[in-house]
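K.L.:
Okay, here's the structure, questions in a sec.
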Amino acid sequence: MTDPARPFDDSAGVPNRGLGAHEWDARWTAKDTPWDMAAPTPPLARALRDGLVKPPGRAIVLGCGAGHDARAVAAAGFDTTGVDFSPAAVALAREIAAREQSSARFEQADVFALPGHLHGADLVVEHTLFCAVDPSLRDRYVDAIAYVLRPGGRLLALFWLIRTETGPPFGSNEPEIRHRFARRFRFAHAERPTDSAPARPHEMLCVLERL
């Protein structure tokens with residue numbers, strides 16, 4: 001019988017390494033970052049270019065890493081702050097932004113405890129952060145995004161639809177994503193992009209509006 005609290009096929013997997021700030025920072029320090037594509041991810045860049053979300057407004061890019069997506073969001077006209085668990089990632093993001101004269105700002109912060117001055121955002125952007133969050137915390141993650149957005153604010157998200165036995169990255173699928181986010185958001189747009197990076201197939205690009 002299907003669990004009424006989980007009406008989807010669970011593809012997440014279980015943690016096989018530490019998921020705290022120290023572990024992520026160690027990977028950035030060691031340059032063990034195979035997820036870093038050294039450029040904005042194509043589907044998000046296209047979404048900004050095509051106006052799926054439109055400035056002006058204040059944007060937060062979660063799990064920003066080296067800041068490639070955050071710089072693209074800032075270049076599109078948003079007042080942009082990127083946040084990441086890792087001090088090493090934030091330092092790198094600031095260095096690149098200064099070199100490229102980007103207006104994007106960067107802060108070290110926990111997604112589950114974002115500082116008050118970031119609340120009331122018009123836009124939140126997430127690029128495969130959902131699959132890096134411990135599956136047991138996914139509902140809390142949805143609530144954290146909703147909490148930092150103003151009512152009617154939007155989430156621009158690029159989810160990775162994969163099946164894994166361990167993680168990160170942890171598996172997910174469209175029914176799970178729709179179920180978890182429907183408590184706090186309305187889906188305004190959803191597509192399976194054809195311009196994903198070769199190393200990141202089976203993605204889902206969404207715009208969600210906070211209820």
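Lettering and numbering for the structure tokens are positional, with chains as A, B, ... in the shown order, residues counted from 1 in each chain, and ligands counted from 1 in the shown order.
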Which polymer residues have any atom within 10 Å of an atom of Arg46 of chain A, counting only C-alpha atoms, with same-chain residues fewer than 6 positions away left out, as an MDAnalysis selection string?
P.N.:
chainID A and resid 40 52 193 195
K.L.:
Could those residues be written to a file, using N, CA and C atoms, as an mmCIF file, in the first residue's frame?
P.N.:
data_model
loop_
_atom_site.group_PDB
_atom_site.id
_atom_site.type_symbol
_atom_site.label_atom_id
_atom_site.label_comp_id
_atom_site.auth_asym_id
_atom_site.auth_seq_id
_atom_site.Cartn_x
_atom_site.Cartn_y
_atom_site.Cartn_z
ATOM 1 N N PRO A 40 27.642 29.617 -15.835
ATOM 2 C CA PRO A 40 26.222 29.451 -15.513
ATOM 3 C C PRO A 40 25.655 28.244 -16.247
ATOM 4 N N LEU A 52 11.670 34.121 -18.066
ATOM 5 C CA LEU A 52 10.810 33.290 -17.219
ATOM 6 C C LEU A 52 10.657 33.910 -15.836
ATOM 7 N N PRO A 193 14.364 20.420 -19.813
ATOM 8 C CA PRO A 193 15.184 21.159 -20.773
ATOM 9 C C PRO A 193 15.983 20.238 -21.689
ATOM 10 N N ASP A 195 18.663 21.609 -23.215
ATOM 11 C CA ASP A 195 19.971 22.252 -23.284
ATOM 12 C C ASP A 195 20.783 22.067 -22.006
#
K.L.:
Could you find all residues in segment 18-193 of chain A that DSSP calls alpha helix (DSSP H) from the backbone, and write them as a ChimeraX atom specification?
P.N.:
/A:21-29,42-49,68-75,87-100,138-148,174-181
K.L.:
Output as a tab-separated table one row per residue of segment 85-141 of chain A within 10 Å of segment 20-36 of chain A: the closest atom pair and its distance in Å to one decimal place, counting only C-alpha atoms, sorted by chain and residue number ascending.
P.N.:
residue	atom	partner	partner_atom	distance
A:Phe85	CA	A:Ala21	CA	5.2
A:Ser86	CA	A:Asp25	CA	4.5
A:Pro87	CA	A:Asp25	CA	6.4
A:Ala88	CA	A:Asp25	CA	5.9
A:Ala89	CA	A:Trp28	CA	6.0
A:Val90	CA	A:Asp25	CA	9.7
A:Leu92	CA	A:Trp28	CA	9.1
A:Gln108	CA	A:Ala21	CA	9.8
A:Ala109	CA	A:Ala21	CA	9.3
A:Asp110	CA	A:Ala21	CA	8.2
A:Thr128	CA	A:Trp35	CA	9.4
K.L.:
Which is closest to Ala45 of chain A among A:Ala157, A:Leu118, A:Asn173, A:Ala66, if we use only C-alpha atoms?
P.N.:
A:Ala157
K.L.:
Within 6 Å of segment 13-17 of chain A, counting only C-alpha atoms, which residues show up once you throw out same-chain ones fewer than 6 positions away? Write them as a PDB file with C-alpha atoms, in the first residue's frame, please.
P.N.:
ATOM      1  CA  THR A 164      20.799   6.783  -6.471  1.00  0.00           C
ATOM      2  CA  GLU A 165      21.480   4.320  -3.672  1.00  0.00           C
ATOM      3  CA  THR A 166      23.747   6.743  -1.803  1.00  0.00           C
ATOM      4  CA  GLY A 167      24.522  10.443  -1.941  1.00  0.00           C
ATOM      5  CA  PHE A 170      20.569  12.090  -3.759  1.00  0.00           C
TER       6      PHE A 170
END
K.L.:
With distances taken over only C-alpha atoms, which of A:Gly51, A:Pro7, A:Pro201, A:Gly65 is nearest to His127 of chain A?
P.N.:
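Checking each candidate against His127 of chain A, we get A:Gly65 as the closest.
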K.L.:
I need the residue nearest Arg140 of chain A from this list: A:Pro55, A:Phe187, A:Phe181, A:Phe8. Use only C-alpha atoms for the distance.
P.N.:
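Closest to Arg140 of chain A of all the choices is A:Phe181.
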